[in-house]
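Here is the file target17.txt (compact mmCIF, C-alpha atoms and all ligand atoms).
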# COMPACT_ATOMS: atom_id res chain seq x y z
CA MET D 1 130.17 -7.08 94.38
CA GLU D 2 131.73 -6.03 91.10
CA GLY D 3 130.78 -3.08 88.96
CA LEU D 4 131.81 -0.26 86.64
CA LEU D 5 132.82 3.11 88.04
CA LEU D 6 130.76 5.75 86.19
CA THR D 7 131.86 9.02 87.77
CA SER D 8 133.45 10.61 90.79
CA LEU D 9 132.60 13.88 92.50
CA SER D 10 134.16 15.28 95.68
CA GLY D 11 135.36 11.90 96.89
CA PHE D 12 132.11 10.05 96.13
CA TYR D 13 131.99 7.45 93.38
CA THR D 14 128.97 6.25 91.45
CA VAL D 15 129.31 2.58 90.62
CA ARG D 16 127.05 0.64 88.30
CA GLY D 17 126.84 -2.74 89.97
CA ASP D 18 126.73 -5.76 87.71
CA ASP D 19 123.13 -6.14 88.96
CA GLY D 20 122.36 -2.95 86.98
CA ALA D 21 121.74 -0.78 90.08
CA ARG D 22 123.68 2.40 91.01
CA TYR D 23 125.69 2.54 94.24
CA VAL D 24 127.24 5.62 95.85
CA CYS D 25 130.61 4.66 97.33
CA LYS D 26 133.65 6.13 98.99
CA ALA D 27 137.12 4.77 98.33
CA ARG D 28 139.09 2.83 100.90
CA GLY D 29 141.77 4.97 102.55
CA ARG D 30 144.34 2.54 101.19
CA PHE D 31 143.95 4.04 97.68
CA ARG D 32 145.10 7.46 98.80
CA ARG D 33 148.02 6.03 100.77
CA GLU D 34 149.14 4.03 97.76
CA GLY D 35 148.69 6.97 95.39
CA GLU D 36 146.08 5.12 93.37
CA THR D 37 142.87 6.76 92.18
CA PRO D 38 139.80 4.87 90.98
CA LEU D 39 138.85 6.28 87.56
CA PRO D 40 135.65 6.33 85.55
CA GLY D 41 135.78 3.21 83.41
CA ASP D 42 137.44 1.15 86.14
CA ARG D 43 136.03 -2.26 86.93
CA VAL D 44 135.97 -2.31 90.74
CA THR D 45 134.98 -4.55 93.61
CA PHE D 46 132.89 -2.78 96.24
CA SER D 47 130.78 -3.45 99.29
CA PRO D 48 127.36 -1.83 99.15
CA ALA D 49 126.16 0.45 101.95
CA ALA D 50 124.76 -1.25 105.04
CA ASP D 51 121.87 1.26 105.31
CA ASP D 52 120.43 4.34 103.64
CA ASP D 53 122.52 6.75 105.73
CA SER D 54 125.94 5.47 104.66
CA GLU D 55 127.88 4.83 101.47
CA GLY D 56 129.34 1.73 99.95
CA VAL D 57 133.10 1.28 99.80
CA VAL D 58 135.23 0.70 96.70
CA GLN D 59 137.56 -2.12 97.78
CA SER D 60 139.79 -2.74 94.77
CA ILE D 61 140.43 -1.75 91.17
CA LEU D 62 140.59 -4.66 88.73
CA PRO D 63 143.46 -4.62 86.20
CA ARG D 64 143.14 -1.93 83.53
CA ARG D 65 143.32 -2.52 79.77
CA ASN D 66 144.33 1.09 79.26
CA ARG D 67 144.27 4.45 80.93
CA LEU D 68 144.31 8.05 79.77
CA ALA D 69 145.72 10.91 81.82
CA ARG D 70 143.57 13.53 80.11
CA PRO D 71 140.66 12.94 80.26
CA PRO D 72 141.26 10.74 83.33
CA VAL D 73 139.48 7.53 82.38
CA ALA D 74 140.25 3.81 82.06
CA ASN D 75 139.29 0.86 79.86
CA VAL D 76 138.25 2.89 76.82
CA ASP D 77 137.38 1.26 73.48
CA ARG D 78 137.05 4.44 71.40
CA LEU D 79 138.27 7.98 71.96
CA VAL D 80 135.93 10.30 70.06
CA ILE D 81 138.07 13.38 69.39
CA VAL D 82 135.77 16.28 68.59
CA SER D 83 136.85 19.38 66.66
CA ALA D 84 134.55 22.17 65.48
CA PHE D 85 134.37 24.24 62.31
CA GLU D 86 134.74 27.35 64.47
CA SER D 87 134.51 28.54 68.12
CA PRO D 88 137.09 27.05 68.36
CA ALA D 89 138.55 26.23 64.91
CA PRO D 90 140.25 22.82 64.48
CA ASP D 91 143.69 22.42 66.04
CA LEU D 92 145.24 19.60 64.03
CA LEU D 93 148.33 19.33 66.23
CA ALA D 94 146.10 18.75 69.27
CA LEU D 95 144.05 16.25 67.25
CA ASP D 96 147.13 14.33 66.09
CA ARG D 97 148.55 14.34 69.60
CA LEU D 98 145.32 12.75 70.84
CA THR D 99 145.15 10.15 68.05
CA ALA D 100 148.73 9.17 68.94
CA VAL D 101 147.99 8.90 72.66
CA ALA D 102 144.92 6.76 71.89
CA VAL D 103 146.75 4.39 69.53
CA GLU D 104 149.57 4.14 72.07
CA GLN D 105 147.03 2.91 74.63
CA GLY D 106 145.33 0.49 72.23
CA ILE D 107 142.25 2.74 71.89
CA ASP D 108 140.58 3.41 68.49
CA PRO D 109 140.59 7.16 67.79
CA VAL D 110 137.43 8.49 66.12
CA PRO D 111 138.01 12.04 64.80
CA VAL D 112 134.70 13.91 64.61
CA PHE D 113 134.32 17.29 62.92
CA ASN D 114 131.29 19.07 64.38
CA LYS D 115 129.38 22.26 63.41
CA ASP D 116 129.33 21.12 59.81
CA ASP D 117 126.38 23.52 59.42
CA LEU D 118 128.79 26.49 59.71
CA GLY D 119 131.09 25.59 56.80
CA ASP D 120 132.86 22.95 54.77
CA PHE D 121 135.59 20.79 56.36
CA GLY D 122 136.97 19.96 52.90
CA ASP D 123 139.20 16.91 52.88
CA LEU D 124 139.69 16.76 56.67
CA PRO D 125 137.53 13.68 57.35
CA ALA D 126 139.05 11.93 54.32
CA ARG D 127 142.55 12.73 55.58
CA TYR D 128 141.83 10.85 58.78
CA ARG D 129 140.16 7.94 56.99
CA GLN D 130 143.35 7.68 54.94
CA ALA D 131 145.18 7.36 58.26
CA GLY D 132 143.03 4.31 59.02
CA PHE D 133 140.53 5.85 61.43
CA ALA D 134 136.75 6.13 61.32
CA ALA D 135 136.14 9.88 60.85
CA PHE D 136 132.94 11.88 60.53
CA ALA D 137 131.76 15.39 59.63
CA VAL D 138 128.61 16.03 61.65
CA SER D 139 126.34 18.72 63.05
CA ALA D 140 124.74 18.47 66.46
CA ARG D 141 122.47 21.31 65.31
CA THR D 142 121.11 19.82 62.05
CA GLY D 143 121.69 16.14 62.82
CA ALA D 144 123.86 15.65 59.70
CA GLY D 145 126.10 12.58 59.92
CA LEU D 146 124.81 11.47 63.31
CA ASP D 147 123.35 8.12 62.20
CA GLU D 148 126.74 7.05 60.79
CA LEU D 149 128.55 8.23 63.93
CA ARG D 150 126.07 6.48 66.26
CA ARG D 151 126.66 3.18 64.45
CA ALA D 152 130.40 3.48 65.11
CA LEU D 153 129.90 3.90 68.86
CA THR D 154 130.18 0.45 70.40
CA GLY D 155 131.74 -0.46 73.73
CA VAL D 156 133.01 2.36 75.97
CA CYS D 157 133.31 5.56 73.91
CA VAL D 158 134.74 8.67 75.53
CA PHE D 159 134.27 12.11 73.96
CA THR D 160 137.12 14.59 74.24
CA GLY D 161 138.15 17.87 72.59
CA ASN D 162 138.54 21.57 73.29
CA SER D 163 135.95 23.33 75.40
CA GLY D 164 133.07 24.53 73.25
CA VAL D 165 133.45 22.12 70.31
CA GLY D 166 130.07 20.59 71.17
CA LYS D 167 130.77 17.29 72.96
CA SER D 168 127.75 17.55 75.26
CA SER D 169 125.59 18.86 72.39
CA LEU D 170 126.62 15.90 70.23
CA LEU D 171 125.91 13.38 72.97
CA ASN D 172 122.42 14.91 73.41
CA ALA D 173 121.77 14.88 69.67
CA LEU D 174 122.97 11.28 69.37
CA PHE D 175 121.20 10.04 72.51
CA PRO D 176 118.33 12.45 73.39
CA ASP D 177 117.55 10.60 76.63
CA LEU D 178 120.85 11.75 78.15
CA ASP D 179 119.72 15.41 78.45
CA LEU D 180 123.15 16.80 79.33
CA ALA D 181 123.61 20.48 80.12
CA THR D 182 125.39 22.37 77.32
CA GLY D 183 126.66 25.87 76.65
CA ALA D 184 123.59 26.74 74.61
CA VAL D 185 120.86 25.47 76.91
CA SER D 186 121.95 27.30 80.02
CA GLU D 187 122.52 30.53 78.07
CA LYS D 188 118.77 30.39 77.49
CA LEU D 189 118.20 29.84 81.18
CA GLY D 190 120.34 32.92 81.82
CA ARG D 191 122.79 31.04 84.01
CA GLY D 192 125.82 31.76 81.86
CA ARG D 193 127.80 29.30 79.88
CA HIS D 194 127.55 25.72 80.99
CA THR D 195 130.70 23.72 80.74
CA THR D 196 131.09 20.07 81.66
CA ARG D 197 132.95 19.68 84.98
CA GLN D 198 133.79 16.00 85.34
CA VAL D 199 134.13 12.77 83.43
CA THR D 200 130.88 10.80 83.50
CA LEU D 201 130.03 7.55 81.75
CA TYR D 202 126.41 7.06 80.68
CA GLU D 203 124.87 3.68 79.99
CA LEU D 204 123.13 3.45 76.62
CA PRO D 205 119.86 1.55 76.18
CA GLN D 206 121.35 -0.22 73.15
CA GLY D 207 124.33 -1.38 75.24
CA GLY D 208 127.70 0.24 75.76
CA PHE D 209 128.63 3.48 77.49
CA VAL D 210 129.46 7.00 76.35
CA GLY D 211 131.59 9.39 78.36
CA ASP D 212 131.25 13.17 78.48
CA THR D 213 134.36 14.98 79.70
CA PRO D 214 135.37 18.55 80.48
CA GLY D 215 136.92 20.27 77.48
CA PHE D 216 140.51 21.35 77.62
CA SER D 217 142.20 24.42 76.29
CA THR D 218 145.02 23.57 73.91
CA LEU D 219 147.50 25.08 76.37
CA ASP D 220 146.66 22.23 78.78
CA LEU D 221 148.19 19.72 76.40
CA THR D 222 151.76 20.20 77.47
CA ASP D 223 152.46 16.65 78.64
CA GLY D 224 154.43 15.79 75.51
CA ALA D 225 153.23 13.23 73.05
CA ALA D 226 152.95 10.90 76.07
CA VAL D 227 155.07 8.54 74.03
CA GLU D 228 158.76 7.65 73.81
CA PRO D 229 160.07 9.31 70.62
CA GLU D 230 161.16 6.00 69.07
CA ASN D 231 157.65 4.56 69.61
CA LEU D 232 155.78 7.54 68.19
CA VAL D 233 155.99 6.27 64.62
CA PHE D 234 153.86 3.24 65.53
CA ASP D 235 151.11 5.61 66.67
CA PHE D 236 150.72 6.89 63.09
CA PRO D 237 149.31 3.68 61.55
CA GLU D 238 149.42 5.03 57.98
CA PHE D 239 153.24 5.18 58.17
CA ALA D 240 153.49 1.41 58.73
CA PRO D 241 153.71 0.26 55.07
CA PHE D 242 156.81 2.48 54.59
CA LEU D 243 158.79 1.62 57.70
CA GLY D 244 162.01 -0.24 57.04
CA ARG D 245 162.25 1.24 53.54
CA CYS D 246 164.16 4.42 54.35
CA ARG D 247 167.77 4.81 53.14
CA PHE D 248 169.06 4.88 56.74
CA SER D 249 167.91 2.20 59.14
CA SER D 250 168.14 4.82 61.92
CA CYS D 251 165.75 7.17 60.05
CA THR D 252 163.43 9.03 62.42
CA HIS D 253 161.35 10.38 59.48
CA THR D 254 162.00 13.97 60.52
CA GLY D 255 163.86 15.27 57.46
CA GLU D 256 166.53 12.65 56.69
CA ALA D 257 167.48 12.05 53.03
CA GLY D 258 165.89 9.03 51.36
CA CYS D 259 163.02 8.83 53.85
CA ALA D 260 160.32 6.49 52.49
CA VAL D 261 157.67 8.10 54.73
CA ALA D 262 158.46 11.57 53.33
CA GLU D 263 158.31 10.13 49.78
CA ALA D 264 154.85 8.71 50.54
CA VAL D 265 153.80 12.22 51.61
CA GLU D 266 155.03 13.60 48.25
CA ARG D 267 152.95 10.95 46.43
CA GLY D 268 149.85 11.93 48.48
CA GLU D 269 149.68 8.59 50.28
CA ILE D 270 150.11 10.22 53.70
CA ALA D 271 148.53 13.59 54.62
CA ARG D 272 151.16 16.30 54.85
CA SER D 273 149.62 17.74 58.03
CA ARG D 274 149.88 14.33 59.73
CA PHE D 275 153.54 14.03 58.73
CA GLU D 276 154.35 17.55 59.92
CA ASN D 277 152.56 16.99 63.22
CA TYR D 278 154.40 13.69 63.68
CA GLY D 279 157.64 15.69 63.33
CA ALA D 280 156.48 18.31 65.87
CA LEU D 281 155.45 15.63 68.37
CA TYR D 282 158.69 13.72 67.80
CA ARG D 283 160.80 16.79 68.57
CA GLU D 284 158.66 17.57 71.60
CA SER D 285 158.92 14.03 72.93
CA ALA D 286 162.67 13.83 72.24
CA THR D 287 163.30 16.97 74.27
CA LEU D 288 161.12 15.84 77.19
CA PRO D 289 163.40 14.86 80.10
CA ALA D 290 163.45 11.16 80.98
CA TRP D 291 161.86 11.78 84.40
CA ALA D 292 158.87 13.42 82.71
CA ARG D 293 158.45 10.46 80.36
CA LYS D 294 158.58 8.06 83.31
CA LYS D 295 155.37 9.60 84.64
CA LEU D 296 153.47 8.72 81.48
CA PRO D 297 151.04 5.80 81.54
CA PRO D 298 152.77 2.53 80.65
CA ARG D 299 152.49 1.31 77.09
N1 LIG I 1 126.33 25.91 64.93
C1 LIG I 1 126.53 24.87 65.75
N2 LIG I 1 126.73 25.09 67.07
C2 LIG I 1 126.93 24.02 67.87
C3 LIG I 1 126.92 22.69 67.36
N3 LIG I 1 127.15 21.85 68.39
C4 LIG I 1 127.30 22.62 69.49
N4 LIG I 1 127.16 23.92 69.19
C5 LIG I 1 127.24 25.07 70.14
O1 LIG I 1 128.54 25.13 70.70
C6 LIG I 1 128.49 25.58 72.07
C7 LIG I 1 129.24 24.63 72.99
O2 LIG I 1 128.57 23.39 73.02
P1 LIG I 1 128.80 22.32 74.19
O3 LIG I 1 128.08 21.08 73.78
O4 LIG I 1 128.47 22.88 75.53
O5 LIG I 1 130.39 22.11 74.08
P2 LIG I 1 131.32 21.14 74.94
O6 LIG I 1 132.33 20.58 74.00
O7 LIG I 1 130.50 20.17 75.69
O8 LIG I 1 132.05 22.17 75.93
P3 LIG I 1 132.72 21.88 77.38
O9 LIG I 1 131.71 21.16 78.21
O10 LIG I 1 133.07 23.25 77.89
O11 LIG I 1 133.95 21.05 77.13
C8 LIG I 1 126.99 25.71 72.40
O12 LIG I 1 126.62 27.06 72.29
C9 LIG I 1 126.32 24.86 71.34
O13 LIG I 1 125.02 25.27 71.04
C10 LIG I 1 126.69 22.49 65.94
O14 LIG I 1 126.67 21.40 65.40
N5 LIG I 1 126.51 23.63 65.19
MG MG I 2 130.32 19.77 77.72
ZN ZN I 3 162.22 7.73 57.18

When written as structure tokens, how does the structure in this file appear?
Amino acid sequence: MEGLLLTSLSGFYTVRGDDGARYVCKARGRFRREGETPLPGDRVTFSPAADDDSEGVVQSILPRRNRLARPPVANVDRLVIVSAFESPAPDLLALDRLTAVAVEQGIDPVPVFNKDDLGDFGDLPARYRQAGFAAFAVSARTGAGLDELRRALTGVCVFTGNSGVGKSSLLNALFPDLDLATGAVSEKLGRGRHTTRQVTLYELPQGGFVGDTPGFSTLDLTDGAAVEPENLVFDFPEFAPFLGRCRFSSCTHTGEAGCAVAEAVERGEIARSRFENYGALYRESATLPAWARKKLPPR
């Protein structure tokens, strides 16, 4: 049979068969030997369990359209990158790193600014719309902006962002049937802070899938821009109209004279924070040793 891998936990995989049923599977030993890991989002072939006391077996992984290392997931249409007004405050370098990784993999980034009820995000959403992305200021608490965001969520949409920004809360507010555990709910139950532990895809009644993922701390994001330095510029789509117009054909847009991208920043056509973060990611990627870049997912 064929199906979609929804989640994995302690060596067991939950597969949604194309018949719509759920199957608990183990992976063939071959995967471990070949250093391959089935990921949530993978289309797989599997053989269902022979009886109630055993598991099915994932036999093969069908070719991937894309793959992310963090969160570990495959075949994503949209990466919903959640930041919060506070606890924690937005980290624009982390956000721009993630938009670049998504674009690099052919995934549409969707920057979402949550906890809008706690303060004003100013021009942040507009800055990301100027970059060519769908971007939303929302509140999981008051419901502000959620109808617009829900309409943008088609296909396989994976939520990512720092721990505590409200990914699980947003998914619950958008799709109440999901009933995911969040920081707030389990505080009430007196069980301490609940934090999401693994990547899980959930099927939506209206079609498509959403993925909740464990939050990261910004310190986790040390794996470079996950992009060759000379390719990074293509992961900032708003730079495209100015490429090829710099004084030097070798311009890397990191401070050279006569840089058309820098001039567009001065005219307000590119957000300054995006340009500065491009420069930071470029320098980081350029200093990453070649062996470290080799380990990155292929373009
Ligand atoms: N004021 C306010 N608080 C929110 C909002 N959304 C989430 N929170 C709170 O933020 C805390 C963290 O929410 P979670 O949904 O668990 O965050 P998460 O991103 O899933 O965190 P991890 O699973 O650790 O990655 C909880 O106490 C929520 O109640 C919001 O829109 N406004
Ligand atoms: Mg969570
Ligand atoms: Zn330039």

In Å, how far is it from atom CA of Arg67 of chain D to atom CA of Ala271 of chain D?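 Going from atom CA of Arg67 of chain D over to atom CA of Ala271 of chain D covers 28.2 Å.
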
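The spacing separating atom CA of Glu86 of chain D from atom CA of Val103 of chain D amounts to 26.4 Å.
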
Could I get the residue neighbourhood of ligand LIG 1 (chain I) at 7 Å, counting all atoms listed in the file, as a PyMOL selection string? chain D and resi 114-118+138-142+161-170+182-184+194-196+213-216

Please work out which residues fall within 12 Å of (144.4, 11.5, 55.9), coordinates as given in the file, with all atoms listed in the file counting, and return them as a PyMOL selection string. chain D and resi 92+96+111+122-135+236-239+265+268-275

Atom pair atom CA of Ser87 of chain D / atom CA of Thr154 of chain D: separation (Å):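 Taking atom CA of Ser87 of chain D and atom CA of Thr154 of chain D, their separation equals 28.5 Å.
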